[in-house]
>>> print(open('final_20.cif').read())   # mmCIF, C-alpha atoms
data_coords
#
loop_
_atom_site.label_atom_id
_atom_site.label_comp_id
_atom_site.auth_asym_id
_atom_site.auth_seq_id
_atom_site.Cartn_x
_atom_site.Cartn_y
_atom_site.Cartn_z
CA MET A 413 87.69 114.09 140.40
CA LYS A 414 85.09 113.13 143.01
CA LEU A 415 82.78 115.61 144.71
CA ILE A 416 83.69 115.62 148.42
CA LYS A 417 81.70 118.62 149.68
CA HIS A 418 78.66 120.51 148.41
CA TYR A 419 77.14 123.58 150.01
CA ASP A 420 73.91 124.36 148.14
CA PHE A 421 72.85 127.50 149.97
CA THR A 422 69.62 127.81 147.95
CA THR A 423 68.18 124.77 149.78
CA MET A 424 69.24 125.76 153.31
CA LYS A 425 67.06 127.45 155.91
CA GLN A 426 69.94 128.32 158.23
CA LEU A 427 73.72 128.15 158.28
CA ASP A 428 74.94 124.89 159.83
CA SER A 429 77.01 125.67 162.94
CA GLN A 430 78.68 122.27 162.57
CA GLU A 431 80.13 123.44 159.26
CA TRP A 432 80.55 127.22 159.60
CA ASN A 433 81.88 129.76 162.09
CA ILE A 434 80.55 133.32 162.16
CA GLU A 435 83.24 135.85 162.98
CA VAL A 436 82.45 139.07 164.85
CA GLY A 437 84.45 142.13 165.80
CA PRO A 438 84.99 145.84 165.10
CA LYS A 439 88.69 145.83 164.18
CA TRP A 440 90.14 144.18 161.07
CA ALA A 441 93.25 144.41 158.91
CA ASN A 442 93.89 146.56 155.85
CA LYS A 443 92.24 149.70 157.35
CA GLU A 444 88.77 148.29 156.61
CA ALA A 445 85.73 150.26 157.85
CA GLN A 446 83.22 147.53 158.64
CA HIS A 447 82.26 145.83 161.87
CA TYR A 448 81.53 142.13 161.40
CA VAL A 449 78.34 141.16 163.24
CA HIS A 450 76.16 138.11 163.77
CA ALA A 451 72.77 139.51 162.78
CA PRO A 452 69.94 138.24 160.52
CA LYS A 453 69.94 141.46 158.50
CA ASN A 454 73.59 140.96 157.58
CA LEU A 455 73.72 137.18 157.11
CA PHE A 456 70.75 135.20 155.82
CA LEU A 457 69.60 132.55 153.35
CA ASP A 458 66.87 132.59 150.72
CA ASP A 459 66.14 131.03 147.32
CA ASP A 460 69.08 132.93 145.77
CA GLY A 461 71.56 131.55 148.29
CA LEU A 462 73.66 132.92 151.14
CA HIS A 463 73.49 136.70 151.50
CA ILE A 464 76.22 138.69 153.18
CA LYS A 465 74.75 142.19 153.36
CA ALA A 466 76.65 145.33 154.30
CA THR A 467 74.47 147.96 155.98
CA LYS A 468 75.11 151.32 157.62
CA CYS A 469 73.97 152.14 161.14
CA GLY A 470 74.77 155.76 161.88
CA ASP A 471 78.44 156.11 161.02
CA ILE A 472 79.15 152.37 161.36
CA TYR A 473 79.16 149.87 158.51
CA GLU A 474 78.07 146.36 159.50
CA SER A 475 78.72 143.23 157.46
CA ALA A 476 79.45 139.51 157.90
CA ARG A 477 82.33 137.07 157.63
CA ILE A 478 82.15 133.27 157.90
CA ASN A 479 84.69 130.46 157.76
CA THR A 480 85.08 126.69 158.10
CA LYS A 481 88.14 126.68 160.39
CA ASN A 482 88.45 123.40 162.34
CA LYS A 483 85.16 122.23 160.76
CA PHE A 484 85.97 121.61 157.10
CA THR A 485 89.40 121.71 155.50
CA PHE A 486 90.95 120.24 152.40
CA GLN A 487 94.32 119.92 150.70
CA TYR A 488 94.52 119.91 146.88
CA GLY A 489 91.57 119.61 144.55
CA LYS A 490 89.17 121.89 142.71
CA ILE A 491 86.69 124.33 144.18
CA ASP A 492 83.77 125.89 142.28
CA ILE A 493 81.89 128.81 143.83
CA VAL A 494 78.87 130.42 142.18
CA ALA A 495 78.50 133.98 143.48
CA LYS A 496 77.33 137.48 142.63
CA VAL A 497 79.38 140.49 143.75
CA PRO A 498 77.87 143.88 144.70
CA LYS A 499 78.35 147.10 142.74
CA GLY A 500 78.56 149.67 145.54
CA LYS A 501 81.68 151.82 145.61
CA GLY A 502 83.78 150.77 148.57
CA THR A 503 82.60 147.15 148.65
CA TRP A 504 85.27 144.46 148.83
CA PRO A 505 83.88 140.89 148.62
CA ALA A 506 86.30 137.99 148.87
CA LEU A 507 86.42 134.21 148.58
CA TRP A 508 89.64 132.86 150.08
CA MET A 509 91.44 130.20 152.09
CA MET A 510 93.87 130.10 155.02
CA SER A 511 96.00 127.47 156.76
CA ASN A 512 94.01 125.57 159.36
CA ASP A 513 96.93 124.96 161.75
CA ASN A 514 99.36 127.79 160.89
CA ARG A 515 101.86 125.11 159.98
CA TYR A 516 104.73 127.55 159.42
CA GLY A 517 103.56 130.39 161.67
CA GLY A 518 101.08 133.25 161.57
CA TRP A 519 100.12 135.22 158.48
CA PRO A 520 101.64 135.22 155.93
CA LYS A 521 104.07 132.43 156.84
CA SER A 522 101.55 129.59 156.41
CA GLY A 523 100.10 131.09 153.26
CA GLU A 524 96.86 132.52 151.95
CA ILE A 525 95.06 131.51 148.75
CA ASP A 526 92.62 134.06 147.38
CA ILE A 527 90.04 132.50 145.09
CA MET A 528 88.59 135.86 144.11
CA GLU A 529 88.57 139.47 145.29
CA HIS A 530 86.52 142.27 143.73
CA THR A 531 85.98 145.94 144.46
CA GLY A 532 82.99 148.13 143.66
CA ASN A 533 85.33 150.92 142.61
CA GLU A 534 86.60 148.76 139.72
CA LEU A 535 83.54 146.82 138.58
CA ASP A 536 85.19 144.96 135.68
CA GLN A 537 88.32 143.84 137.52
CA LEU A 538 89.15 140.79 139.64
CA TYR A 539 92.14 140.19 141.88
CA LEU A 540 93.65 136.69 141.93
CA CYS A 541 96.43 136.55 144.51
CA ILE A 542 98.31 134.22 146.83
CA HIS A 543 100.42 135.28 149.82
CA THR A 544 103.48 133.70 151.42
CA GLU A 545 106.21 134.72 153.85
CA SER A 546 108.51 135.81 151.03
CA TYR A 547 105.85 137.05 148.62
CA ASN A 548 102.84 139.00 149.88
CA HIS A 549 101.00 142.27 149.32
CA LYS A 550 103.48 144.13 151.52
CA ARG A 551 106.29 143.26 149.14
CA PRO A 552 106.78 144.26 145.48
CA THR A 553 107.58 140.64 144.56
CA GLN A 554 104.14 139.31 145.51
CA TYR A 555 102.13 136.78 143.52
CA TYR A 556 99.56 139.11 141.97
CA GLN A 557 97.23 139.03 138.98
CA LEU A 558 94.60 141.61 138.03
CA ILE A 559 92.25 140.53 135.26
CA GLU A 560 89.56 142.36 133.29
CA LYS A 561 86.11 140.78 132.98
CA LYS A 562 83.42 143.01 131.51
CA GLY A 563 80.08 142.80 133.29
CA ILE A 564 81.39 140.54 136.07
CA SER A 565 79.14 142.25 138.63
CA ASP A 566 75.96 142.01 136.54
CA ASP A 567 75.04 138.44 137.44
CA PHE A 568 76.16 135.23 139.11
CA GLN A 569 79.53 133.87 137.93
CA LYS A 570 81.39 130.65 138.66
CA TYR A 571 84.76 131.25 140.30
CA SER A 572 86.98 128.16 140.29
CA LEU A 573 90.42 127.26 141.56
CA LEU A 574 92.44 124.11 140.89
CA TRP A 575 94.93 123.54 143.70
CA GLN A 576 97.76 121.15 142.91
CA ALA A 577 101.00 120.46 144.79
CA ASP A 578 103.05 122.67 142.48
CA LYS A 579 100.46 124.84 140.72
CA ILE A 580 97.36 126.94 141.41
CA THR A 581 95.08 127.68 138.45
CA TYR A 582 92.12 130.07 138.25
CA PHE A 583 88.96 129.81 136.13
CA ILE A 584 85.98 132.09 135.56
CA ASN A 585 82.94 130.30 134.15
CA ASP A 586 85.24 127.36 133.25
CA GLU A 587 87.65 129.58 131.28
CA GLU A 588 91.23 129.57 132.55
CA VAL A 589 92.22 133.12 133.46
CA GLY A 590 95.48 132.77 135.38
CA SER A 591 97.87 130.53 137.30
CA TYR A 592 100.86 130.38 139.64
CA GLN A 593 103.61 127.77 139.43
CA LYS A 594 105.84 126.75 142.32
CA GLY A 595 109.29 128.22 141.66
CA GLN A 596 108.16 130.49 138.82
CA ASP A 597 110.45 133.42 138.02
CA ASP A 598 113.12 131.82 140.26
CA LYS A 599 110.93 132.23 143.34
CA ASP A 600 111.73 130.35 146.57
CA THR A 601 110.43 126.77 146.50
CA THR A 602 110.67 126.23 150.28
CA HIS A 603 107.71 126.87 152.55
CA LYS A 604 108.72 130.54 152.67
CA GLY A 605 107.82 130.86 149.01
CA TRP A 606 105.28 128.04 148.57
CA PRO A 607 103.66 126.89 151.85
CA PHE A 608 100.63 125.33 150.15
CA ASP A 609 101.23 121.74 151.25
CA HIS A 610 98.72 121.23 154.06
CA PRO A 611 94.96 121.64 154.75
CA TYR A 612 93.23 125.00 154.39
CA TYR A 613 89.80 126.28 155.39
CA LEU A 614 87.35 128.53 153.52
CA ILE A 615 86.50 132.18 154.24
CA ILE A 616 83.68 134.26 152.75
CA ASN A 617 83.32 137.94 153.62
CA LEU A 618 82.24 141.37 152.45
CA ALA A 619 84.57 144.13 153.63
CA ILE A 620 84.00 147.86 153.21
CA GLY A 621 86.73 150.31 152.27
CA GLY A 622 90.27 149.60 153.33
CA SER A 623 93.48 149.38 151.34
CA LEU A 624 91.83 147.52 148.45
CA GLY A 625 88.15 148.47 148.83
CA GLY A 626 89.10 152.12 148.53
CA GLN A 627 86.86 155.16 148.78
CA ILE A 628 83.38 154.46 150.15
CA ASP A 629 80.22 155.96 148.68
CA PRO A 630 78.28 156.89 151.85
CA ASN A 631 75.03 156.94 149.87
CA MET A 632 75.32 153.53 148.22
CA GLY A 633 72.78 151.90 150.55
CA PRO A 634 72.79 148.22 151.58
CA GLN A 635 75.00 145.99 149.42
CA SER A 636 74.82 142.20 149.13
CA PHE A 637 77.40 139.56 148.27
CA ILE A 638 75.43 136.44 147.36
CA VAL A 639 76.90 132.93 147.25
CA LYS A 640 74.67 130.36 145.62
CA ASP A 641 76.72 127.20 145.65
CA ILE A 642 80.12 125.71 146.60
CA LYS A 643 81.44 122.40 145.27
CA ILE A 644 84.79 120.87 146.19
CA TYR A 645 86.35 117.97 144.28
CA GLN A 646 89.36 115.74 144.85
#
>>> encode(input="final_20.cif", output="structure tokens")
Amino acid sequence: MKLIKHYDFTTMKQLDSQEWNIEVGPKWANKEAQHYVHAPKNLFLDDDGLHIKATKCGDIYESARINTKNKFTFQYGKIDIVAKVPKGKGTWPALWMMSNDNRYGGWPKSGEIDIMEHTGNELDQLYLCIHTESYNHKRPTQYYQLIEKKGISDDFQKYSLLWQADKITYFINDEEVGSYQKGQDDKDTTHKGWPFDHPYYLIINLAIGGSLGGQIDPNMGPQSFIVKDIKIYQ
């Protein structure tokens, strides 16, 4: 495979607005508690990489969420992301992808590919999921894998995903840890069950609380999700 995109956040002084969008707003899905803001204290770069920091201002949690919608998309290939997740109880960092043009309709009809989700309430667990019209987290038949990785929050790890036309495979530090196959377990092979046939964009965020983040420790203090590097190959 050939490297087609490289974001080395350790060498950047600021986030490139030609490559990234910064999302803002107080209301988000999944009963999350945070407000996403565009503020230097919540989104900044240093020698360690890109920091998304969740802080508390009074009773309000503030964090950041960025994406590459309409600026960088890709279809099929391999993505490697080197990142360090926070430990605070109630944190919910995620690396994921969504359809750039909503080819088959709004969520979840055009699909969602989660590269990695983690929660501070379960430090040694990772969620590896994909969502479609027929199979999503609101249905018991969803594509869902929960894996155990001791010490995953202690340091930077490499989270990788190989996206092929009929298969999505997950790796942690180059070790295969899970996969989904188009049509597995007699699942629908139309776009309702496997809509992953068109370009997607990247999303990086740190949520607080919500349906997956769970109970929040109000005394946990500022928490950082740090992304060092992203490489995409085709």
>>> closest_atom_pairs(input="final_20.cif", of="region 491-547 of chain A", to="region 466-471 of chain A", cutoff="12 Å", atoms="all atoms listed in the file", output="tab-separated table")
residue	atom	partner	partner_atom	distance
A:Val497	CA	A:Ala466	CA	11.9
A:Pro498	CA	A:Ala466	CA	9.8
A:Lys499	CA	A:Ala466	CA	11.8
A:Gly500	CA	A:Ala466	CA	10.0
A:Lys501	CA	A:Ala466	CA	12.0
A:Gly502	CA	A:Ala466	CA	10.6
A:Thr503	CA	A:Ala466	CA	8.4
A:Trp504	CA	A:Ala466	CA	10.2
A:Pro505	CA	A:Ala466	CA	10.2
>>> atom_distance(input="final_20.cif", atom1="CA of Pro520 (chain A)", atom2="CA of His543 (chain A)")
6.2 Å
>>> closest_residue(input="final_20.cif", among="A:His450, A:Lys496, A:Lys604, A:Lys417", to="Ser565 (chain A)", atoms="all atoms listed in the file")
A:Lys496
>>> atom_distance(input="final_20.cif", atom1="CA of His418 (chain A)", atom2="CA of Glu524 (chain A)")
22.1 Å
>>> resolve_selection(input="final_20.cif", expression="the PyMOL selection byres ((chain A and resi 600) around 12)", output="short mmCIF file (atom, residue, chain, number, x, y, z; two decimals) with C-alpha atoms, keeping the file's coordinate frame")
data_model
loop_
_atom_site.label_atom_id
_atom_site.label_comp_id
_atom_site.auth_asym_id
_atom_site.auth_seq_id
_atom_site.Cartn_x
_atom_site.Cartn_y
_atom_site.Cartn_z
CA THR A 544 103.48 133.70 151.42
CA GLU A 545 106.21 134.72 153.85
CA SER A 546 108.51 135.81 151.03
CA TYR A 547 105.85 137.05 148.62
CA THR A 553 107.58 140.64 144.56
CA GLN A 554 104.14 139.31 145.51
CA TYR A 555 102.13 136.78 143.52
CA GLN A 593 103.61 127.77 139.43
CA LYS A 594 105.84 126.75 142.32
CA GLY A 595 109.29 128.22 141.66
CA GLN A 596 108.16 130.49 138.82
CA ASP A 597 110.45 133.42 138.02
CA ASP A 598 113.12 131.82 140.26
CA LYS A 599 110.93 132.23 143.34
CA THR A 601 110.43 126.77 146.50
CA THR A 602 110.67 126.23 150.28
CA HIS A 603 107.71 126.87 152.55
CA LYS A 604 108.72 130.54 152.67
CA GLY A 605 107.82 130.86 149.01
CA TRP A 606 105.28 128.04 148.57
CA PRO A 607 103.66 126.89 151.85
#
>>> closest_residue(input="final_20.cif", among="A:Leu614, A:Leu455, A:Met632, A:Ile416", to="Trp508 (chain A)", atoms="all atoms listed in the file")
A:Leu614
>>> residues_around(input="final_20.cif", residues="Val436 (chain A)", least_positions_apart="3", cutoff="12 Å", atoms="all atoms listed in the file", output="PyMOL selection string")
chain A and resi 433+439-440+446-451+454-455+474-479+617
>>> residues_around(input="final_20.cif", residues="Leu415 (chain A)", least_positions_apart="5", cutoff="12 Å", atoms="all atoms listed in the file", output="list in words")
Gly489, Lys490, Ile491, Asp492, Ile642, Lys643, Ile644, Tyr645 and Gln646 of chain A
>>> residues_near_point(input="final_20.cif", point="(77.1, 127.1, 155.9)", cutoff="12 Å", atoms="all atoms listed in the file", output="MDAnalysis selection string")
chainID A and resid 417:434 455:457 461:464 477:481 483:484 614:616 639:642
>>> closest_atom_pairs(input="final_20.cif", of="region 482-542 of chain A", to="region 574-582 of chain A", cutoff="12 Å", atoms="all atoms listed in the file", output="JSON lines")
{"residue": "A:Phe486", "atom": "CA", "partner": "A:Trp575", "partner_atom": "CA", "distance": 10.1}
{"residue": "A:Gln487", "atom": "CA", "partner": "A:Trp575", "partner_atom": "CA", "distance": 7.9}
{"residue": "A:Tyr488", "atom": "CA", "partner": "A:Trp575", "partner_atom": "CA", "distance": 4.8}
{"residue": "A:Gly489", "atom": "CA", "partner": "A:Trp575", "partner_atom": "CA", "distance": 5.2}
{"residue": "A:Lys490", "atom": "CA", "partner": "A:Leu574", "partner_atom": "CA", "distance": 4.4}
{"residue": "A:Ile491", "atom": "CA", "partner": "A:Leu574", "partner_atom": "CA", "distance": 6.6}
{"residue": "A:Asp492", "atom": "CA", "partner": "A:Leu574", "partner_atom": "CA", "distance": 9.0}
{"residue": "A:Ile493", "atom": "CA", "partner": "A:Tyr582", "partner_atom": "CA", "distance": 11.7}
{"residue": "A:Met509", "atom": "CA", "partner": "A:Trp575", "partner_atom": "CA", "distance": 11.3}
{"residue": "A:Glu524", "atom": "CA", "partner": "A:Ile580", "partner_atom": "CA", "distance": 11.9}
{"residue": "A:Ile525", "atom": "CA", "partner": "A:Ile580", "partner_atom": "CA", "distance": 8.9}
{"residue": "A:Asp526", "atom": "CA", "partner": "A:Tyr582", "partner_atom": "CA", "distance": 10.0}
{"residue": "A:Ile527", "atom": "CA", "partner": "A:Tyr582", "partner_atom": "CA", "distance": 7.6}
{"residue": "A:Met528", "atom": "CA", "partner": "A:Tyr582", "partner_atom": "CA", "distance": 9.0}
{"residue": "A:Leu538", "atom": "CA", "partner": "A:Tyr582", "partner_atom": "CA", "distance": 11.2}
{"residue": "A:Tyr539", "atom": "CA", "partner": "A:Tyr582", "partner_atom": "CA", "distance": 10.8}
{"residue": "A:Leu540", "atom": "CA", "partner": "A:Tyr582", "partner_atom": "CA", "distance": 7.7}
{"residue": "A:Cys541", "atom": "CA", "partner": "A:Tyr582", "partner_atom": "CA", "distance": 10.0}
{"residue": "A:Ile542", "atom": "CA", "partner": "A:Ile580", "partner_atom": "CA", "distance": 9.1}
>>> write_last_selection(input="final_20.cif", atoms="C-alpha atoms", output="PDB file, keeping the file's coordinate frame")
ATOM      1  CA  PHE A 486      90.950 120.240 152.400  1.00  0.00           C
ATOM      2  CA  GLN A 487      94.320 119.920 150.700  1.00  0.00           C
ATOM      3  CA  TYR A 488      94.520 119.910 146.880  1.00  0.00           C
ATOM      4  CA  GLY A 489      91.570 119.610 144.550  1.00  0.00           C
ATOM      5  CA  LYS A 490      89.170 121.890 142.710  1.00  0.00           C
ATOM      6  CA  ILE A 491      86.690 124.330 144.180  1.00  0.00           C
ATOM      7  CA  ASP A 492      83.770 125.890 142.280  1.00  0.00           C
ATOM      8  CA  ILE A 493      81.890 128.810 143.830  1.00  0.00           C
ATOM      9  CA  MET A 509      91.440 130.200 152.090  1.00  0.00           C
ATOM     10  CA  GLU A 524      96.860 132.520 151.950  1.00  0.00           C
ATOM     11  CA  ILE A 525      95.060 131.510 148.750  1.00  0.00           C
ATOM     12  CA  ASP A 526      92.620 134.060 147.380  1.00  0.00           C
ATOM     13  CA  ILE A 527      90.040 132.500 145.090  1.00  0.00           C
ATOM     14  CA  MET A 528      88.590 135.860 144.110  1.00  0.00           C
ATOM     15  CA  LEU A 538      89.150 140.790 139.640  1.00  0.00           C
ATOM     16  CA  TYR A 539      92.140 140.190 141.880  1.00  0.00           C
ATOM     17  CA  LEU A 540      93.650 136.690 141.930  1.00  0.00           C
ATOM     18  CA  CYS A 541      96.430 136.550 144.510  1.00  0.00           C
ATOM     19  CA  ILE A 542      98.310 134.220 146.830  1.00  0.00           C
TER      20      ILE A 542
END
>>> residues_around(input="final_20.cif", residues="Arg515 (chain A)", least_positions_apart="4", cutoff="9 Å", atoms="all atoms listed in the file", output="list in words")
Ser511, Lys521, Ser522, Pro607 and His610 of chain A
>>> write_last_selection(input="final_20.cif", atoms="C-alpha atoms", output="PDB file, in the frame of the given file")
ATOM      1  CA  SER A 511      96.000 127.470 156.760  1.00  0.00           C
ATOM      2  CA  LYS A 521     104.070 132.430 156.840  1.00  0.00           C
ATOM      3  CA  SER A 522     101.550 129.590 156.410  1.00  0.00           C
ATOM      4  CA  PRO A 607     103.660 126.890 151.850  1.00  0.00           C
ATOM      5  CA  HIS A 610      98.720 121.230 154.060  1.00  0.00           C
TER       6      HIS A 610
END
>>> atom_distance(input="final_20.cif", atom1="CA of Asn514 (chain A)", atom2="CA of Tyr592 (chain A)")
21.5 Å
>>> closest_residue(input="final_20.cif", among="A:Asp536, A:Ile559, A:Trp519, A:Asp567", to="Phe583 (chain A)", atoms="only C-alpha atoms")
A:Ile559
>>> closest_residue(input="final_20.cif", among="A:Asn482, A:Leu618, A:Lys465, A:Ile638", to="Gln569 (chain A)", atoms="all atoms listed in the file")
A:Ile638
>>> build_atoms(input="final_20.cif", residues="region 424-452 of chain A", atoms="N, CA and C atoms", output="JSON list (two decimals), in the coordinates of the input")
[["chain", "number", "residue", "atom", "x", "y", "z"],
["A", 424, "MET", "N", 69.06, 125.70, 151.86],
["A", 424, "MET", "CA", 69.24, 125.76, 153.31],
["A", 424, "MET", "C", 68.31, 126.80, 153.94],
["A", 425, "LYS", "N", 67.88, 126.51, 155.14],
["A", 425, "LYS", "CA", 67.06, 127.45, 155.91],
["A", 425, "LYS", "C", 67.91, 128.23, 156.91],
["A", 426, "GLN", "N", 69.03, 127.64, 157.34],
["A", 426, "GLN", "CA", 69.94, 128.32, 158.23],
["A", 426, "GLN", "C", 71.35, 127.78, 158.03],
["A", 427, "LEU", "N", 72.33, 128.56, 158.42],
["A", 427, "LEU", "CA", 73.72, 128.15, 158.28],
["A", 427, "LEU", "C", 74.03, 127.10, 159.34],
["A", 428, "ASP", "N", 74.64, 126.01, 158.93],
["A", 428, "ASP", "CA", 74.94, 124.89, 159.83],
["A", 428, "ASP", "C", 76.15, 125.23, 160.71],
["A", 429, "SER", "N", 75.92, 125.32, 162.02],
["A", 429, "SER", "CA", 77.01, 125.67, 162.94],
["A", 429, "SER", "C", 78.04, 124.56, 163.08],
["A", 430, "GLN", "N", 77.70, 123.35, 162.59],
["A", 430, "GLN", "CA", 78.68, 122.27, 162.57],
["A", 430, "GLN", "C", 79.66, 122.40, 161.41],
["A", 431, "GLU", "N", 79.31, 123.25, 160.46],
["A", 431, "GLU", "CA", 80.13, 123.44, 159.26],
["A", 431, "GLU", "C", 80.78, 124.83, 159.20],
["A", 432, "TRP", "N", 80.12, 125.84, 159.79],
["A", 432, "TRP", "CA", 80.55, 127.22, 159.60],
["A", 432, "TRP", "C", 80.69, 127.96, 160.93],
["A", 433, "ASN", "N", 81.70, 128.81, 161.00],
["A", 433, "ASN", "CA", 81.88, 129.76, 162.09],
["A", 433, "ASN", "C", 81.49, 131.14, 161.61],
["A", 434, "ILE", "N", 80.88, 131.92, 162.47],
["A", 434, "ILE", "CA", 80.55, 133.32, 162.16],
["A", 434, "ILE", "C", 81.47, 134.20, 162.99],
["A", 435, "GLU", "N", 82.28, 134.99, 162.30],
["A", 435, "GLU", "CA", 83.24, 135.85, 162.98],
["A", 435, "GLU", "C", 82.61, 137.20, 163.31],
["A", 436, "VAL", "N", 82.96, 137.76, 164.47],
["A", 436, "VAL", "CA", 82.45, 139.07, 164.85],
["A", 436, "VAL", "C", 83.59, 139.92, 165.39],
["A", 437, "GLY", "N", 83.44, 141.23, 165.27],
["A", 437, "GLY", "CA", 84.45, 142.13, 165.80],
["A", 437, "GLY", "C", 84.50, 143.45, 165.05],
["A", 438, "PRO", "N", 84.96, 144.51, 165.72],
["A", 438, "PRO", "CA", 84.99, 145.84, 165.10],
["A", 438, "PRO", "C", 86.31, 146.20, 164.44],
["A", 439, "LYS", "N", 87.37, 145.43, 164.69],
["A", 439, "LYS", "CA", 88.69, 145.83, 164.18],
["A", 439, "LYS", "C", 89.25, 144.74, 163.27],
["A", 440, "TRP", "N", 89.62, 145.14, 162.05],
["A", 440, "TRP", "CA", 90.14, 144.18, 161.07],
["A", 440, "TRP", "C", 91.32, 144.80, 160.35],
["A", 441, "ALA", "N", 92.02, 143.97, 159.59],
["A", 441, "ALA", "CA", 93.25, 144.41, 158.91],
["A", 441, "ALA", "C", 92.93, 145.32, 157.73],
["A", 442, "ASN", "N", 93.97, 145.83, 157.13],
["A", 442, "ASN", "CA", 93.89, 146.56, 155.85],
["A", 442, "ASN", "C", 93.08, 147.85, 155.94],
["A", 443, "LYS", "N", 92.94, 148.41, 157.15],
["A", 443, "LYS", "CA", 92.24, 149.70, 157.35],
["A", 443, "LYS", "C", 90.78, 149.63, 156.90],
["A", 444, "GLU", "N", 90.16, 148.46, 157.02],
["A", 444, "GLU", "CA", 88.77, 148.29, 156.61],
["A", 444, "GLU", "C", 87.84, 149.04, 157.57],
["A", 445, "ALA", "N", 86.66, 149.42, 157.07],
["A", 445, "ALA", "CA", 85.73, 150.26, 157.85],
["A", 445, "ALA", "C", 84.64, 149.47, 158.56],
["A", 446, "GLN", "N", 84.39, 148.25, 158.13],
["A", 446, "GLN", "CA", 83.22, 147.53, 158.64],
["A", 446, "GLN", "C", 83.44, 146.91, 160.01],
["A", 447, "HIS", "N", 82.32, 146.70, 160.71],
["A", 447, "HIS", "CA", 82.26, 145.83, 161.87],
["A", 447, "HIS", "C", 81.60, 144.53, 161.39],
["A", 448, "TYR", "N", 82.17, 143.40, 161.73],
["A", 448, "TYR", "CA", 81.53, 142.13, 161.40],
["A", 448, "TYR", "C", 80.61, 141.74, 162.57],
["A", 449, "VAL", "N", 79.36, 141.44, 162.23],
["A", 449, "VAL", "CA", 78.34, 141.16, 163.24],
["A", 449, "VAL", "C", 77.65, 139.84, 162.93],
["A", 450, "HIS", "N", 76.99, 139.30, 163.93],
["A", 450, "HIS", "CA", 76.16, 138.11, 163.77],
["A", 450, "HIS", "C", 74.71, 138.57, 163.91],
["A", 451, "ALA", "N", 74.12, 138.95, 162.78],
["A", 451, "ALA", "CA", 72.77, 139.51, 162.78],
["A", 451, "ALA", "C", 72.02, 139.05, 161.54],
["A", 452, "PRO", "N", 70.72, 138.72, 161.67],
["A", 452, "PRO", "CA", 69.94, 138.24, 160.52],
["A", 452, "PRO", "C", 69.90, 139.21, 159.34]]
